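All remarks here apply to the structure that follows.
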Amino acid sequence: MSAVTYLEAIRQALWEEMERDERVFLLGEDVGHYGGAFRVTAGMLDRFGPQRIIDTPISESAIVGAAIGASLLGMRPVVEMQFIDFIANAWNQIVNFAGPHHYRLGQAVPIVIRGPSGGNVHGSVFHSQNPEGYFQHTPGLKIVAPATAADAKGLLTAAIRDPNPVLYFEHKYLYRRIKEELPAGDYVVPIGQARLAREGRDLSVITWGAMLHVALEAASRLEADGISLEVLDLRTLKPLDQEAILATVKKTSRVIVLSEEAQTGSVAGEVAARIAEHAFPWLDGPVQRLCCPDTPVPFSPPLEEAYLPNVDKLLAKVRELASY
Amino acid sequence: MAKLSKNWGPLHPAPPPPESERLAKTSLDRAAQLALYRYMQLTRMVEDRLGNLYRQNQVVGGLYSSRGQEACAVGSAYALSPQDYVGPLIRNLGTMMVRGILPSEFMMQYMARGGSPTGGKDANTHFGDLSRGVVAPISMLGALIPVMAGVALGARMQGRDSVALTYIGDGGTSTGDFHEGLNLAAVLSLPLVLIVENNGYAYSTPTSRQMRIQDIAIRAAGYGIPGEIVDGNDVLAVYEATRRAVERARGGAGPSLLEAKTFRMKGHAEHDDAGYVPRELFEEWRKKDPIDRFERHLLGGALATREELDAIVRSLDAMLNEEVDRALASPLPPPERAFEGVYA
């Protein structure tokens, strides 16, 4: 076995699920002949044919709508958003059709919508967003956001097999920057379970996606200072693994929620609220959030650097909270 | 400030074109034509019963009527086969009747009862039953078009011989999903039939404020698919045009768009007196009432006697008495159900 990239792990999950289950098919813009803007679906048209790897017009709402319709007949469509920012064009289909459908009618909508999210690649305002906050508010949806290659594979496999609409937010910064050996065989990471990425004693960082790597880097640097950071990777953002969140807070009593979202209305805000509600007596300091400011994602490198959380900003926040 | 132009186009739709009383030629035999009559009467009678329940304060929320449009719903649904799927809108109660949905199911939906198809979670005609080939709509118009394109896609991938049919109003054609859905269906050559029920008004807004064209059917050309205008108050014309479109779809020739010209004979919903509609339009269209016209066709063509038609209505009336009782007997849902069923 050799190490595979985060991107290759996504392709492996798609490929293996399509081999395993003939109900699984892909649709999206440029996913077929071109193999996807980031080449996630490269080679799949040749293997699975145009009936199952479907190039579509530029119509995000119709793509998601069609996926919903096919799923009602028991198919397992996986939609690719070329960049996750474009998911806004499918808003109505996701929040009004897919989300409430099972509650209203008892009919499953087993669709997956996946696509590259996140910044730090100078993608500018419309190719850098993190939309999880928009969708956490919609009942009936599940949201996952893998931070490692293994989770990228295991969570996508789980998402495809899940009977509910699952939004799978992969992080484009991680596509070719991280790699690891993947567990052999049928690998599923259950939706709804966070992962303790690093054990520590003094302070917890709760995070997901590319920010996990910021947290881990900060944790290794703080070792020299004698500060022991615990890092919880949420992996699933809806439904949240509240048990794991409260467990780490009760252990360290100091917590920072680190997120690449614009701060107001973020998933990080929901995490912070749950901690305040359910773990207040265990806290030795205020729940802190390190998110992006409430601005659009800026383009020019110095602007984007100022906008995004990074290791230095996290270290400052940790030191501030540690001395509270 | 420059003076604004007064030429904003006509405010109200034109009255119906004068035409012969004769309905479209049909291949349907007498029994099938009597079935169409029965379904149209049933649709109107169920809606009349719902109106009674509304006036008795049994209905929770709004009540919507398809009065005057029964031929569109019934004629189109009758052209489908058991393996086909249909996505009805609020004025397609007749469609759902043809697919075997019971009157009491609508009544319980409107009365928010626990025994309704959605268990009290959703209202009115907003339900479906995949086993009877009915896909539930959402309130946002246009959304069902891509979804039904996906139903057609899924059925084709499964090697099934199914066609998907859905509806949109004149107002709903202004949505992005109308364009996206029809275009996607066209480029993938999906077995989809889209019926535009052009009934003159979207709530209070006349078609002239939705579009600058008279015939919505011409939009089909923009998608490279057949578009046909059909007399929406002639159940035989609707049936025959839908049958042709369904055959094309089943044969692999892709989607079609039918524009059924009809008229909404009531307000948007029961609370709306439609005071914005010129009275003479109602007068003109009343002469074209789809049920009255079909009766004249059946009687004039010696396909049925007055006594036979009356007997159909009497038997429906008796059946509806039982259906109303059944619906009223259903209790309101238990409160704890509010928290159930978010996830599959």
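Following the order of the structure tokens, chains are lettered A, B, ..., residues in each are numbered from 1, and ligands are numbered from 1.
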- Task: Identify every residue of chain B that has at least one atom within 9 Å of any atom of chain A, counting only C-alpha atoms, and report the result as a PyMOL selection string.
- Result: chain B and resi 117-122+126-130+135-140+143-155+157-158+176-177+179-184+187-188+340-344
Put those residues in a file: N, CA and C atoms, as a short mmCIF file (atom, residue, chain, number, x, y, z; two decimals), in the first residue's frame.
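Produced file selection_11.cif, reproduced below:
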data_model
loop_
_atom_site.label_atom_id
_atom_site.label_comp_id
_atom_site.auth_asym_id
_atom_site.auth_seq_id
_atom_site.Cartn_x
_atom_site.Cartn_y
_atom_site.Cartn_z
N PRO B 117 -52.19 11.65 4.77
CA PRO B 117 -50.99 11.02 4.20
C PRO B 117 -49.68 11.57 4.77
N THR B 118 -49.67 12.81 5.22
CA THR B 118 -48.45 13.33 5.84
C THR B 118 -48.56 13.32 7.36
N GLY B 119 -49.57 12.68 7.88
CA GLY B 119 -49.71 12.57 9.33
C GLY B 119 -49.91 13.91 10.01
N GLY B 120 -50.37 14.90 9.26
CA GLY B 120 -50.57 16.23 9.83
C GLY B 120 -49.36 17.12 9.67
N LYS B 121 -48.31 16.63 9.04
CA LYS B 121 -47.08 17.44 8.94
C LYS B 121 -47.14 18.43 7.79
N ASP B 122 -47.90 18.13 6.75
CA ASP B 122 -47.99 19.08 5.64
C ASP B 122 -49.45 19.19 5.20
N HIS B 126 -50.27 18.80 -0.92
CA HIS B 126 -48.83 18.61 -0.86
C HIS B 126 -48.46 17.26 -0.27
N PHE B 127 -48.81 16.24 -1.00
CA PHE B 127 -48.40 14.89 -0.62
C PHE B 127 -48.31 14.06 -1.89
N GLY B 128 -47.78 12.88 -1.73
CA GLY B 128 -47.66 12.00 -2.88
C GLY B 128 -47.66 10.57 -2.41
N ASP B 129 -47.54 9.68 -3.35
CA ASP B 129 -47.47 8.27 -3.03
C ASP B 129 -46.73 7.61 -4.18
N LEU B 130 -45.48 7.25 -3.92
CA LEU B 130 -44.66 6.71 -5.01
C LEU B 130 -45.23 5.40 -5.54
N VAL B 135 -45.56 12.02 -7.18
CA VAL B 135 -44.46 12.70 -6.49
C VAL B 135 -45.00 13.99 -5.89
N ALA B 136 -44.71 14.21 -4.62
CA ALA B 136 -45.26 15.38 -3.92
C ALA B 136 -44.54 16.66 -4.34
N PRO B 137 -45.29 17.74 -4.49
CA PRO B 137 -44.67 19.03 -4.82
C PRO B 137 -44.23 19.77 -3.57
N ILE B 138 -43.50 20.86 -3.77
CA ILE B 138 -43.31 21.85 -2.71
C ILE B 138 -43.98 23.13 -3.19
N SER B 139 -44.11 24.10 -2.31
CA SER B 139 -44.83 25.32 -2.67
C SER B 139 -44.08 26.16 -3.70
N MET B 140 -42.75 26.06 -3.70
CA MET B 140 -41.96 26.88 -4.61
C MET B 140 -42.13 26.37 -6.03
N ALA B 143 -39.82 24.11 -8.93
CA ALA B 143 -38.88 23.16 -8.33
C ALA B 143 -39.15 21.72 -8.76
N LEU B 144 -40.41 21.44 -9.03
CA LEU B 144 -40.77 20.06 -9.37
C LEU B 144 -40.30 19.67 -10.77
N ILE B 145 -40.02 20.64 -11.61
CA ILE B 145 -39.63 20.30 -12.99
C ILE B 145 -38.28 19.57 -13.03
N PRO B 146 -37.21 20.13 -12.40
CA PRO B 146 -35.98 19.35 -12.35
C PRO B 146 -36.14 18.03 -11.59
N VAL B 147 -36.95 18.04 -10.55
CA VAL B 147 -37.13 16.80 -9.78
C VAL B 147 -37.78 15.73 -10.66
N MET B 148 -38.79 16.12 -11.43
CA MET B 148 -39.44 15.14 -12.30
C MET B 148 -38.52 14.74 -13.46
N ALA B 149 -37.65 15.64 -13.88
CA ALA B 149 -36.62 15.26 -14.86
C ALA B 149 -35.75 14.17 -14.24
N GLY B 150 -35.44 14.32 -12.96
CA GLY B 150 -34.64 13.31 -12.27
C GLY B 150 -35.38 11.99 -12.09
N VAL B 151 -36.68 12.07 -11.88
CA VAL B 151 -37.48 10.84 -11.82
C VAL B 151 -37.39 10.12 -13.18
N ALA B 152 -37.52 10.90 -14.24
CA ALA B 152 -37.41 10.32 -15.59
C ALA B 152 -36.02 9.72 -15.80
N LEU B 153 -35.01 10.42 -15.31
CA LEU B 153 -33.63 9.93 -15.44
C LEU B 153 -33.45 8.63 -14.66
N GLY B 154 -33.91 8.63 -13.41
CA GLY B 154 -33.77 7.45 -12.58
C GLY B 154 -34.48 6.25 -13.18
N ALA B 155 -35.68 6.48 -13.67
CA ALA B 155 -36.44 5.38 -14.27
C ALA B 155 -35.72 4.84 -15.50
N MET B 157 -32.49 4.94 -16.05
CA MET B 157 -31.30 4.21 -15.61
C MET B 157 -31.66 2.82 -15.09
N GLN B 158 -32.86 2.71 -14.55
CA GLN B 158 -33.30 1.42 -14.02
C GLN B 158 -33.91 0.53 -15.10
N GLY B 176 -36.49 30.25 -12.58
CA GLY B 176 -35.26 29.67 -13.13
C GLY B 176 -35.36 28.17 -13.29
N ASP B 177 -36.05 27.51 -12.36
CA ASP B 177 -36.16 26.05 -12.44
C ASP B 177 -36.94 25.59 -13.67
N HIS B 179 -36.69 26.91 -16.62
CA HIS B 179 -35.67 26.88 -17.67
C HIS B 179 -34.65 25.76 -17.42
N GLU B 180 -34.12 25.73 -16.22
CA GLU B 180 -33.07 24.74 -15.94
C GLU B 180 -33.58 23.31 -16.10
N GLY B 181 -34.77 23.08 -15.59
CA GLY B 181 -35.31 21.72 -15.61
C GLY B 181 -35.64 21.26 -17.01
N LEU B 182 -36.30 22.13 -17.76
CA LEU B 182 -36.69 21.75 -19.12
C LEU B 182 -35.46 21.60 -20.01
N ASN B 183 -34.50 22.48 -19.81
CA ASN B 183 -33.28 22.40 -20.62
C ASN B 183 -32.49 21.14 -20.30
N LEU B 184 -32.38 20.82 -19.01
CA LEU B 184 -31.66 19.59 -18.63
C LEU B 184 -32.37 18.37 -19.22
N VAL B 187 -31.54 18.25 -23.03
CA VAL B 187 -30.20 17.81 -23.47
C VAL B 187 -29.94 16.35 -23.11
N LEU B 188 -30.58 15.86 -22.07
CA LEU B 188 -30.42 14.44 -21.73
C LEU B 188 -31.50 13.58 -22.38
N GLU B 340 -40.75 13.84 15.25
CA GLU B 340 -40.36 12.56 14.63
C GLU B 340 -40.13 12.69 13.14
N GLY B 341 -39.22 11.85 12.65
CA GLY B 341 -39.12 11.63 11.21
C GLY B 341 -38.27 12.62 10.44
N VAL B 342 -37.43 13.41 11.12
CA VAL B 342 -36.57 14.35 10.37
C VAL B 342 -35.61 13.59 9.46
N TYR B 343 -35.04 12.51 10.00
CA TYR B 343 -34.11 11.70 9.21
C TYR B 343 -34.70 10.36 8.84
N ALA B 344 -34.27 9.84 7.71
CA ALA B 344 -34.66 8.49 7.30
C ALA B 344 -33.86 7.48 8.11
#
- Item | Within 6 Å of A:Ser204 using only C-alpha atoms, minus same-chain residues under 6 positions, as a PyMOL selection string | chain A and resi 229-231+255
- Non-local contacts of B:Ser76 (7 Å; only C-alpha atoms; under 2 positions in same chain excluded) as an MDAnalysis selection string: chainID B and resid 72:74 78:79 238:239 242
Can you spit out the residues from that selection as a CSV table (one decimal), in the first residue's frame, using N, CA and C atoms?
chain,number,residue,atom,x,y,z
B,72,CYS,N,-57.8,19.8,-17.6
B,72,CYS,CA,-56.3,19.7,-17.7
B,72,CYS,C,-55.7,18.6,-16.9
B,73,ALA,N,-56.2,18.6,-15.6
B,73,ALA,CA,-55.7,17.6,-14.7
B,73,ALA,C,-56.1,16.1,-15.1
B,74,VAL,N,-57.4,16.0,-15.3
B,74,VAL,CA,-57.9,14.6,-15.6
B,74,VAL,C,-57.5,14.1,-17.0
B,78,TYR,N,-55.0,10.9,-17.4
B,78,TYR,CA,-55.6,9.7,-18.0
B,78,TYR,C,-54.7,9.1,-19.1
B,79,ALA,N,-53.8,9.9,-19.6
B,79,ALA,CA,-53.0,9.5,-20.7
B,79,ALA,C,-51.7,8.7,-20.2
B,238,VAL,N,-56.9,17.6,-24.3
B,238,VAL,CA,-55.8,17.4,-23.4
B,238,VAL,C,-55.4,16.0,-23.4
B,239,TYR,N,-56.3,15.1,-23.3
B,239,TYR,CA,-55.9,13.6,-23.3
B,239,TYR,C,-55.1,13.3,-24.6
B,242,THR,N,-51.6,14.9,-24.6
B,242,THR,CA,-50.7,14.3,-23.6
B,242,THR,C,-50.3,12.9,-24.1
- For stretch 66-68 of chain B, please output as a PyMOL selection string all residues within 7 Å (counting only C-alpha atoms; exclusion window: fewer than 2 positions along the same chain). chain B and resi 44+64+70+91-92+263-266+289-290
- Item | Among listed residues B:Ser330, B:Gly62, B:Gly87, B:Ala71, nearest B:Leu36 (using only C-alpha atoms) |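 Result for the nearest residue to B:Leu36: B:Ala71.
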- Task: List every residue of stretch 72-216 of chain B that DSSP, applied to the backbone of this structure, places in alpha helix (DSSP H), and write the result as an NGL selection string.
- Result: :B and (72-77 or 93-98 or 103-110 or 144-157 or 176-187)
- Task: Extract, using only C-alpha atoms, all DNA, RNA and protein residues at most 7 Å from stretch 227-229 of chain B, discarding same-chain residues fewer than 5 positions from it, and format them as a list in words.
- Result: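 Listing them by chain and then by number gives Ala217, Ile218, Ala220, Ser256, Leu257, Leu258, Glu259 and Ala260 of chain B.
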Write the selection just made, keeping C-alpha atoms, as an mmCIF file, in the first residue's frame?
data_model
loop_
_atom_site.group_PDB
_atom_site.id
_atom_site.type_symbol
_atom_site.label_atom_id
_atom_site.label_comp_id
_atom_site.auth_asym_id
_atom_site.auth_seq_id
_atom_site.Cartn_x
_atom_site.Cartn_y
_atom_site.Cartn_z
ATOM 1 C CA ALA B 217 -45.780 26.838 -26.171
ATOM 2 C CA ILE B 218 -43.359 28.747 -28.404
ATOM 3 C CA ALA B 220 -40.354 24.877 -26.494
ATOM 4 C CA SER B 256 -42.440 17.854 -24.815
ATOM 5 C CA LEU B 257 -44.137 21.005 -23.641
ATOM 6 C CA LEU B 258 -47.912 21.371 -23.855
ATOM 7 C CA GLU B 259 -49.644 24.645 -23.186
ATOM 8 C CA ALA B 260 -53.207 24.124 -22.017
#
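Neighbours of A:Asn310 closer than or equal to 12 Å, with only C-alpha atoms counted and sequence neighbours fewer than 6 positions away skipped, come out as Gly119, Asn120, Ala210, Met211, Leu212, His213, Val214, Ala215, Leu216, Glu217, Ala218, Leu258, Ser259, Glu260, Leu290, Cys291, Cys292, Glu304, Ala316 and Lys317 of chain A.
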Output file for the residues above (C-alpha atoms, as a JSON list (two decimals), in the first residue's frame):
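Below is the file result_1.json, written as the result:
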[["chain", "number", "residue", "atom", "x", "y", "z"],
["A", 119, "GLY", "CA", -9.77, 29.25, 0.97],
["A", 120, "ASN", "CA", -6.01, 29.76, 1.20],
["A", 210, "ALA", "CA", -8.19, 22.42, 6.75],
["A", 211, "MET", "CA", -8.14, 24.14, 10.14],
["A", 212, "LEU", "CA", -7.38, 20.78, 11.75],
["A", 213, "HIS", "CA", -3.87, 21.06, 10.38],
["A", 214, "VAL", "CA", -3.50, 24.56, 11.80],
["A", 215, "ALA", "CA", -4.52, 23.21, 15.20],
["A", 216, "LEU", "CA", -2.11, 20.28, 15.03],
["A", 217, "GLU", "CA", 0.77, 22.54, 14.03],
["A", 218, "ALA", "CA", -0.03, 24.88, 16.91],
["A", 258, "LEU", "CA", -11.47, 27.10, 15.33],
["A", 259, "SER", "CA", -13.28, 27.50, 12.04],
["A", 260, "GLU", "CA", -12.70, 28.86, 8.56],
["A", 290, "LEU", "CA", -11.30, 31.83, 16.12],
["A", 291, "CYS", "CA", -13.12, 32.26, 12.83],
["A", 292, "CYS", "CA", -12.89, 34.52, 9.81],
["A", 304, "GLU", "CA", -6.55, 36.55, 2.41],
["A", 316, "ALA", "CA", -2.09, 34.05, 20.39],
["A", 317, "LYS", "CA", -5.60, 32.94, 21.22]]
- Contacts of stretch 103-106 of chain B at 7 Å or less, counting only C-alpha atoms, minus same-chain residues fewer than 6 places along, as a PyMOL selection string? chain B and resi 46+116-117+124-125+323-324+326-327
- Task: Using DSSP on the backbone coordinates, identify all residues within stretch 164-263 of chain A classified as strand (DSSP E or B); present the result as a VMD selection string.
- Result: chain A and resid 166 to 171 179 to 180 195 to 198 203 to 207 229 to 233 236 to 238 255 to 262
Since we have the selection now, will you write its residues out, keeping N, CA and C atoms, as a CSV table (one decimal), in the first residue's frame?
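out-v6.csv was written with the following content:
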chain,number,residue,atom,x,y,z
A,166,VAL,N,-26.9,14.3,2.1
A,166,VAL,CA,-25.7,14.6,2.8
A,166,VAL,C,-24.9,15.6,2.0
A,167,LEU,N,-24.5,16.7,2.7
A,167,LEU,CA,-23.6,17.7,2.1
A,167,LEU,C,-22.2,17.3,2.5
A,168,TYR,N,-21.3,17.1,1.5
A,168,TYR,CA,-19.9,16.6,1.8
A,168,TYR,C,-19.0,17.8,1.3
A,169,PHE,N,-18.5,18.5,2.3
A,169,PHE,CA,-17.7,19.7,2.0
A,169,PHE,C,-16.2,19.3,2.1
A,170,GLU,N,-15.6,19.0,1.0
A,170,GLU,CA,-14.2,18.7,0.9
A,170,GLU,C,-13.4,20.0,0.8
A,171,HIS,N,-12.2,20.0,1.3
A,171,HIS,CA,-11.4,21.2,1.3
A,171,HIS,C,-10.3,21.2,0.2
A,179,LYS,N,-1.3,13.4,2.3
A,179,LYS,CA,-1.5,12.1,1.9
A,179,LYS,C,-1.2,11.1,3.0
A,180,GLU,N,-1.8,9.9,2.9
A,180,GLU,CA,-1.6,8.9,4.0
A,180,GLU,C,-2.0,7.6,3.4
A,195,ARG,N,-13.5,12.9,16.0
A,195,ARG,CA,-12.3,12.1,16.2
A,195,ARG,C,-11.3,12.9,17.1
A,196,LEU,N,-10.8,12.3,18.1
A,196,LEU,CA,-9.8,13.0,18.9
A,196,LEU,C,-8.5,12.9,18.2
A,197,ALA,N,-8.1,14.0,17.5
A,197,ALA,CA,-6.9,14.0,16.7
A,197,ALA,C,-5.6,14.1,17.4
A,198,ARG,N,-5.7,14.7,18.7
A,198,ARG,CA,-4.5,14.7,19.5
A,198,ARG,C,-5.0,14.9,20.9
A,203,LEU,N,-5.9,22.5,27.2
A,203,LEU,CA,-6.8,23.4,26.5
A,203,LEU,C,-7.2,22.6,25.2
A,204,SER,N,-8.5,22.8,24.9
A,204,SER,CA,-9.0,22.0,23.7
A,204,SER,C,-9.3,23.0,22.5
A,205,VAL,N,-8.9,22.5,21.3
A,205,VAL,CA,-9.3,23.2,20.1
A,205,VAL,C,-10.2,22.2,19.4
A,206,ILE,N,-11.4,22.8,19.1
A,206,ILE,CA,-12.4,22.0,18.4
A,206,ILE,C,-12.5,22.6,17.0
A,207,THR,N,-12.3,21.7,16.0
A,207,THR,CA,-12.2,22.2,14.6
A,207,THR,C,-12.6,21.2,13.6
A,229,LEU,N,-2.1,20.8,24.2
A,229,LEU,CA,-3.3,21.1,23.5
A,229,LEU,C,-4.0,19.8,23.1
A,230,GLU,N,-5.3,19.8,23.4
A,230,GLU,CA,-6.1,18.6,22.8
A,230,GLU,C,-6.9,19.1,21.6
A,231,VAL,N,-6.9,18.3,20.6
A,231,VAL,CA,-7.5,18.7,19.3
A,231,VAL,C,-8.6,17.7,18.9
A,232,LEU,N,-9.8,18.2,18.8
A,232,LEU,CA,-11.0,17.4,18.4
A,232,LEU,C,-11.4,17.8,17.0
A,233,ASP,N,-11.4,16.8,16.1
A,233,ASP,CA,-11.8,17.0,14.7
A,233,ASP,C,-13.2,16.6,14.6
A,236,THR,N,-18.1,15.5,11.3
A,236,THR,CA,-19.5,15.7,11.0
A,236,THR,C,-20.0,17.0,11.7
A,237,LEU,N,-20.6,17.9,10.9
A,237,LEU,CA,-21.0,19.1,11.4
A,237,LEU,C,-22.5,19.1,11.7
A,238,LYS,N,-23.2,18.2,11.1
A,238,LYS,CA,-24.7,18.0,11.4
A,238,LYS,C,-25.0,16.6,11.1
A,255,VAL,N,-11.5,26.1,26.1
A,255,VAL,CA,-11.8,25.6,24.7
A,255,VAL,C,-11.9,26.8,23.7
A,256,ILE,N,-11.3,26.5,22.5
A,256,ILE,CA,-11.3,27.4,21.4
A,256,ILE,C,-12.0,26.6,20.3
A,257,VAL,N,-13.0,27.2,19.6
A,257,VAL,CA,-13.6,26.6,18.4
A,257,VAL,C,-12.9,27.3,17.2
A,258,LEU,N,-12.2,26.6,16.5
A,258,LEU,CA,-11.5,27.1,15.3
A,258,LEU,C,-12.2,26.7,14.0
A,259,SER,N,-12.5,27.8,13.2
A,259,SER,CA,-13.3,27.5,12.0
A,259,SER,C,-12.9,28.5,10.9
A,260,GLU,N,-13.0,28.0,9.7
A,260,GLU,CA,-12.7,28.9,8.6
A,260,GLU,C,-13.9,29.6,8.1
A,261,GLU,N,-15.0,29.6,8.8
A,261,GLU,CA,-16.2,30.3,8.4
A,261,GLU,C,-16.2,31.7,8.8
A,262,ALA,N,-17.0,32.6,8.1
A,262,ALA,CA,-17.3,33.9,8.7
A,262,ALA,C,-18.0,33.7,10.0
- Give me, please, the distance in Å between atom CA of B:Thr262 and atom CA of B:Ala31, quoted to one decimal.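 Taking atom CA of B:Thr262 and atom CA of B:Ala31, their separation equals 25.6 Å.
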